[in-house]
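final-v5.tsv (TSV, C-alpha atoms and all ligand atoms) appears below.
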```
chain	number	residue	atom	x	y	z
A	35	MET	CA	8.84	0.30	-26.60
A	36	SER	CA	8.24	0.51	-30.36
A	37	GLU	CA	9.97	3.12	-32.52
A	38	ALA	CA	6.77	5.12	-32.83
A	39	ALA	CA	6.34	5.24	-29.09
A	40	GLY	CA	6.99	8.48	-27.24
A	41	ARG	CA	6.24	9.89	-23.82
A	42	PRO	CA	4.04	7.79	-21.49
A	43	ILE	CA	0.56	9.29	-21.13
A	44	ARG	CA	-0.41	7.11	-18.17
A	45	TRP	CA	1.27	4.80	-15.64
A	46	HIS	CA	2.46	1.47	-17.02
A	47	PRO	CA	-0.34	-1.18	-16.88
A	48	ALA	CA	1.71	-3.24	-14.42
A	49	LEU	CA	1.93	-0.21	-12.07
A	50	VAL	CA	-1.79	0.49	-12.54
A	51	THR	CA	-2.58	-3.14	-11.63
A	52	LEU	CA	-0.32	-2.96	-8.56
A	53	HIS	CA	-1.87	0.38	-7.44
A	54	TRP	CA	-5.45	-0.95	-7.43
A	55	LEU	CA	-4.50	-4.38	-6.09
A	56	THR	CA	-2.64	-2.72	-3.21
A	57	LEU	CA	-5.69	-0.56	-2.47
A	58	LEU	CA	-7.83	-3.70	-2.27
A	59	LEU	CA	-5.36	-5.49	0.02
A	60	VAL	CA	-4.88	-2.47	2.31
A	61	VAL	CA	-8.65	-2.04	2.69
A	62	THR	CA	-8.81	-5.76	3.59
A	63	GLN	CA	-6.16	-5.16	6.27
A	64	PHE	CA	-8.19	-2.44	7.98
A	65	VAL	CA	-11.43	-4.42	7.71
A	66	VAL	CA	-9.86	-7.59	9.15
A	67	ALA	CA	-7.98	-5.70	11.93
A	68	SER	CA	-11.17	-5.09	13.85
A	69	PRO	CA	-12.68	-8.63	14.22
A	70	MET	CA	-9.21	-10.15	14.77
A	71	ARG	CA	-8.70	-7.96	17.83
A	72	ASP	CA	-12.30	-8.32	19.09
A	73	GLU	CA	-12.03	-10.14	22.42
A	74	THR	CA	-15.72	-11.08	22.44
A	75	ARG	CA	-15.14	-13.44	19.49
A	76	ASN	CA	-13.98	-17.01	19.93
A	77	LEU	CA	-10.27	-17.71	19.64
A	78	VAL	CA	-10.46	-20.01	16.61
A	79	GLU	CA	-12.24	-17.31	14.63
A	80	ARG	CA	-9.74	-14.65	15.76
A	81	PHE	CA	-6.84	-16.95	14.86
A	82	GLU	CA	-8.18	-17.21	11.30
A	83	TYR	CA	-8.52	-13.43	11.03
A	84	TYR	CA	-4.97	-12.96	12.36
A	85	GLN	CA	-3.61	-15.45	9.81
A	86	LEU	CA	-5.47	-13.66	7.03
A	87	HIS	CA	-4.13	-10.25	8.19
A	88	LYS	CA	-0.56	-11.58	8.37
A	89	SER	CA	-0.77	-13.32	4.97
A	90	VAL	CA	-2.30	-10.33	3.19
A	91	GLY	CA	0.25	-8.02	4.89
A	92	LEU	CA	3.19	-10.14	3.72
A	93	THR	CA	1.69	-10.14	0.22
A	94	VAL	CA	1.61	-6.32	0.32
A	95	ALA	CA	5.31	-6.41	1.29
A	96	GLY	CA	6.18	-8.53	-1.76
A	97	LEU	CA	4.06	-6.42	-4.11
A	98	ILE	CA	5.52	-3.14	-2.89
A	99	VAL	CA	9.06	-4.34	-3.61
A	100	LEU	CA	7.99	-5.33	-7.12
A	101	ARG	CA	6.17	-2.01	-7.54
A	102	LEU	CA	9.16	0.07	-6.46
A	103	VAL	CA	11.48	-1.83	-8.81
A	104	LEU	CA	9.07	-1.19	-11.71
A	105	ARG	CA	8.50	2.42	-10.64
A	106	LEU	CA	12.23	3.10	-10.77
A	107	THR	CA	12.87	1.28	-14.05
A	108	VAL	CA	9.79	1.88	-16.23
A	109	ALA	CA	9.20	5.29	-17.89
A	110	ALA	CA	6.73	7.49	-15.97
A	111	PRO	CA	4.29	10.10	-17.29
A	112	PRO	CA	5.34	13.74	-16.74
A	113	PRO	CA	4.49	15.35	-13.36
A	114	ALA	CA	0.74	15.85	-13.03
A	115	ASN	CA	0.76	19.12	-11.08
A	116	PRO	CA	1.93	22.36	-12.65
A	117	GLY	CA	3.04	24.41	-9.62
A	118	ARG	CA	6.26	23.69	-7.71
A	119	TRP	CA	4.55	23.48	-4.30
A	120	LEU	CA	1.76	21.21	-5.50
A	121	ARG	CA	4.40	18.96	-6.96
A	122	VAL	CA	6.37	18.92	-3.69
A	123	ALA	CA	3.13	18.21	-1.75
A	124	SER	CA	2.06	15.31	-4.01
A	125	ASP	CA	5.58	13.84	-4.07
A	126	THR	CA	5.68	14.01	-0.26
A	127	VAL	CA	2.30	12.27	0.13
A	128	HIS	CA	3.27	9.58	-2.41
A	129	ALA	CA	6.63	8.99	-0.67
A	130	GLY	CA	4.81	8.78	2.69
A	131	LEU	CA	2.36	6.22	1.28
A	132	TYR	CA	5.20	4.11	-0.10
A	133	LEU	CA	7.04	4.35	3.22
A	134	CYS	CA	3.95	3.17	5.16
A	135	LEU	CA	3.43	0.30	2.71
A	136	ILE	CA	6.99	-0.89	3.34
A	137	VAL	CA	7.32	-0.27	7.07
A	138	LEU	CA	3.84	-1.52	8.11
A	139	PRO	CA	4.48	-5.14	7.00
A	140	VAL	CA	8.03	-5.02	8.46
A	141	THR	CA	6.84	-3.82	11.89
A	142	GLY	CA	3.90	-6.28	11.77
A	143	PHE	CA	6.17	-9.21	11.01
A	144	LEU	CA	8.75	-8.20	13.64
A	145	MET	CA	5.89	-7.75	16.14
A	146	VAL	CA	4.59	-11.30	15.70
A	147	SER	CA	8.16	-12.67	15.58
A	148	SER	CA	9.07	-11.06	18.92
A	149	ALA	CA	5.70	-11.68	20.63
A	150	PRO	CA	5.93	-13.32	24.09
A	151	LEU	CA	3.32	-15.86	22.95
A	152	GLN	CA	4.71	-17.39	19.76
A	153	ILE	CA	1.98	-18.14	17.18
A	154	PRO	CA	3.14	-19.42	13.78
A	155	THR	CA	2.58	-17.29	10.69
A	156	LEU	CA	0.86	-19.58	8.19
A	157	TYR	CA	0.92	-17.99	4.73
A	158	PHE	CA	-2.67	-18.57	3.52
A	159	GLY	CA	-2.43	-21.96	5.24
A	160	TRP	CA	0.19	-23.16	2.75
A	161	PHE	CA	3.39	-23.00	4.80
A	162	ALA	CA	4.80	-21.52	7.98
A	163	VAL	CA	6.89	-18.39	7.42
A	164	PRO	CA	9.97	-18.62	9.69
A	165	HIS	CA	10.16	-15.82	12.28
A	166	PRO	CA	13.56	-14.09	12.06
A	167	ILE	CA	13.74	-13.23	15.79
A	168	GLY	CA	12.49	-14.84	18.98
A	169	PRO	CA	10.41	-13.48	21.89
A	170	ASP	CA	11.57	-10.09	23.15
A	171	LYS	CA	9.14	-7.91	25.08
A	172	ALA	CA	10.81	-4.55	24.35
A	173	THR	CA	10.96	-5.20	20.59
A	174	TYR	CA	7.38	-6.46	20.63
A	175	GLU	CA	6.08	-3.32	22.39
A	176	LEU	CA	8.07	-1.03	20.07
A	177	MET	CA	6.89	-2.78	16.90
A	178	ARG	CA	3.30	-2.89	18.12
A	179	GLY	CA	3.33	0.85	18.84
A	180	LEU	CA	4.94	1.67	15.48
A	181	HIS	CA	2.49	-0.60	13.64
A	182	TYR	CA	-0.43	1.18	15.29
A	183	TRP	CA	0.84	4.70	14.49
A	184	LEU	CA	1.86	3.83	10.95
A	185	GLY	CA	-1.65	2.47	10.38
A	186	ASN	CA	-3.03	5.86	11.43
A	187	LEU	CA	-0.47	7.70	9.30
A	188	LEU	CA	-1.42	5.58	6.29
A	189	LEU	CA	-5.09	6.42	6.84
A	190	ALA	CA	-4.34	10.14	7.06
A	191	LEU	CA	-2.14	10.14	3.94
A	192	ALA	CA	-4.66	8.04	2.01
A	193	ALA	CA	-7.42	10.52	2.97
A	194	ILE	CA	-5.33	13.44	1.62
A	195	HIS	CA	-4.47	11.40	-1.50
A	196	VAL	CA	-8.10	10.52	-2.26
A	197	ALA	CA	-9.23	14.11	-1.55
A	198	ALA	CA	-6.59	15.35	-4.02
A	199	ALA	CA	-7.74	12.81	-6.62
A	200	LEU	CA	-11.32	14.09	-6.18
A	201	VAL	CA	-10.22	17.73	-6.60
A	202	HIS	CA	-8.43	16.78	-9.83
A	203	ALA	CA	-11.48	14.88	-11.09
A	204	LEU	CA	-14.32	17.17	-10.00
A	205	VAL	CA	-12.83	20.67	-9.73
A	206	TRP	CA	-9.90	20.88	-12.11
A	207	ARG	CA	-11.27	18.15	-14.43
A	208	ASP	CA	-7.78	17.53	-15.79
A	209	GLY	CA	-8.19	13.80	-16.49
A	210	LEU	CA	-5.63	12.78	-13.83
A	211	LEU	CA	-7.53	9.59	-12.97
A	212	ARG	CA	-6.99	8.37	-16.52
A	213	ARG	CA	-3.26	8.20	-15.73
A	214	MET	CA	-3.99	5.47	-13.16
A	215	SER	CA	-6.30	3.48	-15.45
A	216	PHE	CA	-5.93	0.97	-18.27
A	217	GLY	CA	-6.16	2.42	-21.74
A	218	ARG	CA	-5.52	1.26	-25.27
A	219	ARG	CA	-1.90	2.36	-24.88
A	220	TRP	CA	0.33	3.84	-22.24
A	221	VAL	CA	2.66	5.85	-24.47
A	222	GLU	CA	1.56	8.45	-26.99
A	223	LEU	CA	2.22	7.69	-30.64
A	224	ARG	CA	3.67	10.24	-33.04
A	225	GLY	CA	0.99	12.73	-33.97
A	226	ASP	CA	-1.14	11.99	-30.86
A	227	GLN	CA	-2.66	14.92	-29.03
A	228	PRO	CA	-1.07	15.22	-25.57
B	1	LIG	C1	0.12	-3.11	4.59
B	1	LIG	C2	0.14	-4.00	5.54
B	1	LIG	C3	-0.56	-3.86	6.88
B	1	LIG	C4	-1.50	-2.97	7.29
B	1	LIG	C5	-2.16	-1.82	6.51
B	1	LIG	C6	-1.82	-3.29	8.67
B	1	LIG	C7	-2.74	-2.62	9.45
B	1	LIG	C8	-3.03	-2.92	10.75
B	1	LIG	C9	-3.97	-2.20	11.58
B	1	LIG	C10	-4.77	-0.98	11.13
B	1	LIG	C11	-3.99	-2.81	12.79
B	1	LIG	C12	-4.82	-2.40	14.03
B	1	LIG	C13	-3.91	-1.56	14.88
B	1	LIG	C14	-4.51	-1.16	16.17
B	1	LIG	O1	-5.58	-0.55	16.17
B	1	LIG	O2	-3.87	-1.46	17.21
B	1	LIG	C15	-3.08	-3.90	12.75
B	1	LIG	C16	-2.84	-4.76	13.80
B	1	LIG	C17	-2.00	-5.85	13.73
B	1	LIG	N1	-1.22	-6.23	12.65
B	1	LIG	FE1	-1.13	-5.31	10.86
B	1	LIG	N2	-1.07	-4.38	9.04
B	1	LIG	C18	-0.28	-4.75	7.98
B	1	LIG	C19	0.62	-5.80	7.93
B	1	LIG	C20	0.83	-6.70	8.96
B	1	LIG	C21	1.74	-7.84	8.90
B	1	LIG	C22	2.60	-8.22	7.69
B	1	LIG	C23	1.66	-8.47	10.10
B	1	LIG	C24	2.37	-9.70	10.58
B	1	LIG	C25	2.95	-10.58	9.81
B	1	LIG	C26	0.71	-7.73	10.93
B	1	LIG	C27	0.35	-8.07	12.21
B	1	LIG	C28	-0.53	-7.38	13.00
B	1	LIG	C29	-0.89	-7.77	14.36
B	1	LIG	C30	-0.37	-8.97	15.12
B	1	LIG	C31	-1.79	-6.80	14.81
B	1	LIG	C32	-2.50	-6.75	16.19
B	1	LIG	C33	-1.74	-5.82	17.09
B	1	LIG	C34	-2.40	-5.76	18.45
B	1	LIG	O3	-2.33	-6.75	19.15
B	1	LIG	O4	-2.96	-4.74	18.77
B	1	LIG	N3	0.23	-6.66	10.20
B	1	LIG	N4	-2.50	-3.95	11.50
B	2	LIG	C1	-10.03	5.63	-4.31
B	2	LIG	C2	-8.78	5.70	-3.92
B	2	LIG	C3	-7.64	6.16	-4.78
B	2	LIG	C4	-7.61	6.88	-5.94
B	2	LIG	C5	-8.77	7.45	-6.73
B	2	LIG	C6	-6.20	7.01	-6.33
B	2	LIG	C7	-5.76	7.65	-7.46
B	2	LIG	C8	-4.44	7.81	-7.81
B	2	LIG	C9	-3.96	8.46	-9.01
B	2	LIG	C10	-4.88	9.08	-10.08
B	2	LIG	C11	-2.63	8.43	-8.99
B	2	LIG	C12	-1.67	8.97	-10.07
B	2	LIG	C13	-1.16	10.34	-9.73
B	2	LIG	C14	-0.27	10.84	-10.84
B	2	LIG	O1	-0.46	10.46	-11.99
B	2	LIG	O2	0.66	11.63	-10.54
B	2	LIG	C15	-2.20	7.75	-7.78
B	2	LIG	C16	-0.90	7.52	-7.40
B	2	LIG	C17	-0.52	6.88	-6.26
B	2	LIG	N1	-1.37	6.26	-5.36
B	2	LIG	FE1	-3.38	6.30	-5.40
B	2	LIG	N2	-5.42	6.38	-5.39
B	2	LIG	C18	-6.26	5.85	-4.43
B	2	LIG	C19	-5.88	5.16	-3.31
B	2	LIG	C20	-4.59	4.92	-2.94
B	2	LIG	C21	-4.19	4.25	-1.73
B	2	LIG	C22	-5.15	3.73	-0.65
B	2	LIG	C23	-2.84	4.21	-1.72
B	2	LIG	C24	-1.92	3.62	-0.69
B	2	LIG	C25	-2.23	2.62	0.07
B	2	LIG	C26	-2.37	4.85	-2.93
B	2	LIG	C27	-1.05	4.99	-3.28
B	2	LIG	C28	-0.59	5.71	-4.37
B	2	LIG	C29	0.81	6.00	-4.61
B	2	LIG	C30	2.00	5.58	-3.73
B	2	LIG	C31	0.85	6.73	-5.80
B	2	LIG	C32	2.10	7.32	-6.44
B	2	LIG	C33	2.46	6.63	-7.69
B	2	LIG	C34	3.90	6.96	-8.04
B	2	LIG	O3	4.25	8.14	-8.18
B	2	LIG	O4	4.68	6.00	-8.12
B	2	LIG	N3	-3.46	5.25	-3.66
B	2	LIG	N4	-3.32	7.37	-7.09
```
Give the structure from this file in structure tokens form.
Ligand code: HEM
Ligand code: HEM
Amino acid sequence: MSEAAGRPIRWHPALVTLHWLTLLLVVTQFVVASPMRDETRNLVERFEYYQLHKSVGLTVAGLIVLRLVLRLTVAAPPPANPGRWLRVASDTVHAGLYLCLIVLPVTGFLMVSSAPLQIPTLYFGWFAVPHPIGPDKATYELMRGLHYWLGNLLLALAAIHVAAALVHALVWRDGLLRRMSFGRRWVELRGDQP
């Protein structure tokens, strides 16, 4: 940060990039989940969809680790919401979203690793990712159930999150969306208007 730099006025460009990239990848996951589980499709096609879902999901896992490291080390803009309860509510939803983004790939990977029918996980066709555990029906059922419910939880939290973003943009018109966008700079300079 230069000497003239002060308080961040938006999220760091790396965090902005990771936010929108994660959105794109998560949408892909939900879109792909339906044809991959469609039993009327042929198996080769479903296999490709499964591999895509697993590869994109593992990518989300890597990106979320990077994002959390940056989130905890790079300066953040001040809290967006004025009231205490709004702040608690938004922090809770954000924490829930982060939790889903971590636990969904973990449960997904443990599900395929413990599946009775072992199918390799080919990361975008480049290499096979080793499965850490072998077939185990109880673990498989547990992970499959958790994966399903976490998917629903993520959808519910994302719906609240997007609704809140819309309220900020259309009702309160407080420029919150600008905090999650790329601008000329991410910290205010001396003499800048807040
Ligand atoms: C952010 C990451 C992920 C998201 C949002 C996600 C989302 C979903 C969703 C919505 C479903 C459909 C659930 C249902 O209706 O039963 C699903 C199924 C599945 N996912 Fe993921 N997933 C993610 C990561 C992964 C990863 C990393 C793997 C494995 C390496 C994986 C493996 C699977 C499998 C095998 C199924 C099919 C389960 C079944 O047979 O019903 N997922 N996922
Ligand atoms: C059109 C959809 C979306 C919009 C407009 C949007 C907008 C925003 C905005 C403006 C912020 C910054 C809030 C602040 O400055 O305090 C934010 C933060 C965040 N968003 Fe989104 N978002 C969207 C979708 C998503 C989705 C789908 C996810 C999760 C998969 C997500 C996860 C997060 C998280 C975890 C934060 C918290 C950042 C932090 O405090 O580290 N967003 N979003």
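When only C-alpha atoms and all ligand atoms are used to measure the gap to ligand LIG 1 (chain B), the shortest distance among A:Phe81, A:Trp119, A:Trp54, A:Phe143 belongs to A:Phe143.
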Can you build me a table of chain A residues sitting at most 9 Å from ligand LIG 1 (chain B), with the closest atom pair per residue and its distance in Å to one decimal, using all atoms listed in the file, sorted by chain and residue number, as a tab-separated table?
```
residue	atom	partner	partner_atom	distance
A:Thr56	CA	B:LIG1	C1	8.3
A:Leu59	CA	B:LIG1	C1	7.5
A:Val60	CA	B:LIG1	C5	5.0
A:Val61	CA	B:LIG1	C5	7.5
A:Thr62	CA	B:LIG1	C5	8.3
A:Gln63	CA	B:LIG1	C5	5.2
A:Phe64	CA	B:LIG1	C10	4.9
A:Val65	CA	B:LIG1	C10	8.2
A:Val66	CA	B:LIG1	C9	8.3
A:Ala67	CA	B:LIG1	C11	5.0
A:Ser68	CA	B:LIG1	C12	6.9
A:Met70	CA	B:LIG1	C32	7.7
A:Arg71	CA	B:LIG1	C32	6.5
A:Tyr84	CA	B:LIG1	C30	6.7
A:Gln85	CA	B:LIG1	C25	8.2
A:His87	CA	B:LIG1	N3	6.0
A:Lys88	CA	B:LIG1	C25	3.9
A:Ser89	CA	B:LIG1	C22	6.7
A:Val90	CA	B:LIG1	C22	7.0
A:Gly91	CA	B:LIG1	C22	3.7
A:Leu92	CA	B:LIG1	C22	4.4
A:Thr93	CA	B:LIG1	C22	7.8
A:Val94	CA	B:LIG1	C1	5.5
A:Ala95	CA	B:LIG1	C1	7.0
A:Cys134	CA	B:LIG1	C1	7.4
A:Leu135	CA	B:LIG1	C1	5.1
A:Ile136	CA	B:LIG1	C1	7.3
A:Val137	CA	B:LIG1	C1	8.1
A:Leu138	CA	B:LIG1	C3	5.1
A:Pro139	CA	B:LIG1	C22	3.7
A:Val140	CA	B:LIG1	C22	6.3
A:Thr141	CA	B:LIG1	C21	7.1
A:Gly142	CA	B:LIG1	C23	3.6
A:Phe143	CA	B:LIG1	C25	3.7
A:Leu144	CA	B:LIG1	C24	7.2
A:Met145	CA	B:LIG1	C30	6.5
A:Val146	CA	B:LIG1	C30	5.5
A:Ser147	CA	B:LIG1	C25	8.1
A:Ala149	CA	B:LIG1	C30	8.6
A:Thr155	CA	B:LIG1	C25	6.8
A:Arg178	CA	B:LIG1	C33	5.9
A:Gly179	CA	B:LIG1	O2	7.7
A:His181	CA	B:LIG1	N4	6.4
A:Tyr182	CA	B:LIG1	C13	4.4
A:Trp183	CA	B:LIG1	C13	7.9
A:Leu184	CA	B:LIG1	C7	8.1
A:Gly185	CA	B:LIG1	C10	4.7
A:Asn186	CA	B:LIG1	C10	7.1
A:Leu188	CA	B:LIG1	C5	7.4
A:Leu189	CA	B:LIG1	C10	8.6
```
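Proximity ranking of A:Leu187, A:Val196, A:Ala110, A:Met177 relative to Pro47 of chain A places A:Ala110 first, based on all atoms listed in the file.
You can rank A:Val122, A:Val205, A:Leu57, A:Val163 by their closest distance to ligand LIG 2 (chain B) using only C-alpha atoms and all ligand atoms, and at the top of that list sits A:Leu57.
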Atomic separation - atom CA of Gly40 of chain A relative to atom CA of Ala199 of chain A, Å: 25.7 Å
Just want the residues within 9 Å of ligand LIG 2 (chain B), written as a tab-separated table (two decimals) with C-alpha atoms, in the coordinates of the input, counting all atoms listed in the file.
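Saved to part-v8.tsv:
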```
chain	number	residue	atom	x	y	z
A	44	ARG	CA	-0.41	7.11	-18.17
A	45	TRP	CA	1.27	4.80	-15.64
A	49	LEU	CA	1.93	-0.21	-12.07
A	50	VAL	CA	-1.79	0.49	-12.54
A	53	HIS	CA	-1.87	0.38	-7.44
A	54	TRP	CA	-5.45	-0.95	-7.43
A	56	THR	CA	-2.64	-2.72	-3.21
A	57	LEU	CA	-5.69	-0.56	-2.47
A	58	LEU	CA	-7.83	-3.70	-2.27
A	59	LEU	CA	-5.36	-5.49	0.02
A	60	VAL	CA	-4.88	-2.47	2.31
A	61	VAL	CA	-8.65	-2.04	2.69
A	101	ARG	CA	6.17	-2.01	-7.54
A	102	LEU	CA	9.16	0.07	-6.46
A	105	ARG	CA	8.50	2.42	-10.64
A	106	LEU	CA	12.23	3.10	-10.77
A	110	ALA	CA	6.73	7.49	-15.97
A	111	PRO	CA	4.29	10.10	-17.29
A	112	PRO	CA	5.34	13.74	-16.74
A	113	PRO	CA	4.49	15.35	-13.36
A	114	ALA	CA	0.74	15.85	-13.03
A	115	ASN	CA	0.76	19.12	-11.08
A	121	ARG	CA	4.40	18.96	-6.96
A	124	SER	CA	2.06	15.31	-4.01
A	125	ASP	CA	5.58	13.84	-4.07
A	127	VAL	CA	2.30	12.27	0.13
A	128	HIS	CA	3.27	9.58	-2.41
A	129	ALA	CA	6.63	8.99	-0.67
A	130	GLY	CA	4.81	8.78	2.69
A	131	LEU	CA	2.36	6.22	1.28
A	132	TYR	CA	5.20	4.11	-0.10
A	133	LEU	CA	7.04	4.35	3.22
A	134	CYS	CA	3.95	3.17	5.16
A	135	LEU	CA	3.43	0.30	2.71
A	188	LEU	CA	-1.42	5.58	6.29
A	189	LEU	CA	-5.09	6.42	6.84
A	191	LEU	CA	-2.14	10.14	3.94
A	192	ALA	CA	-4.66	8.04	2.01
A	193	ALA	CA	-7.42	10.52	2.97
A	195	HIS	CA	-4.47	11.40	-1.50
A	196	VAL	CA	-8.10	10.52	-2.26
A	197	ALA	CA	-9.23	14.11	-1.55
A	198	ALA	CA	-6.59	15.35	-4.02
A	199	ALA	CA	-7.74	12.81	-6.62
A	200	LEU	CA	-11.32	14.09	-6.18
A	202	HIS	CA	-8.43	16.78	-9.83
A	203	ALA	CA	-11.48	14.88	-11.09
A	209	GLY	CA	-8.19	13.80	-16.49
A	210	LEU	CA	-5.63	12.78	-13.83
A	211	LEU	CA	-7.53	9.59	-12.97
A	212	ARG	CA	-6.99	8.37	-16.52
A	213	ARG	CA	-3.26	8.20	-15.73
A	214	MET	CA	-3.99	5.47	-13.16
A	215	SER	CA	-6.30	3.48	-15.45
```
Point-to-point distance in Å for atom CA of Ala123 of chain A and atom CA of Leu104 of chain A: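 Rounded to one decimal, the two atoms are 22.6 Å apart.
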Two-atom distance - atom CA of Lys171 of chain A, atom CA of Pro154 of chain A (Å):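 Answer for the atom CA of Lys171 of chain A to atom CA of Pro154 of chain A separation: 17.2 Å.
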Give the centre and edge lengths of an axis-aligned box, in Å to one decimal, that holds all listed atoms of segment 83-93 of chain A with 5 Å on each side, as AutoDock Vina command-line options.
```
--center_x -2.7 --center_y -11.7 --center_z 6.3 --size_x 21.7 --size_y 17.4 --size_z 22.1
```
Among the residues A:Ala190, A:Pro164, A:Gly117, A:Leu100, the one that comes closest to Thr51 of chain A [using all atoms listed in the file]: A:Leu100
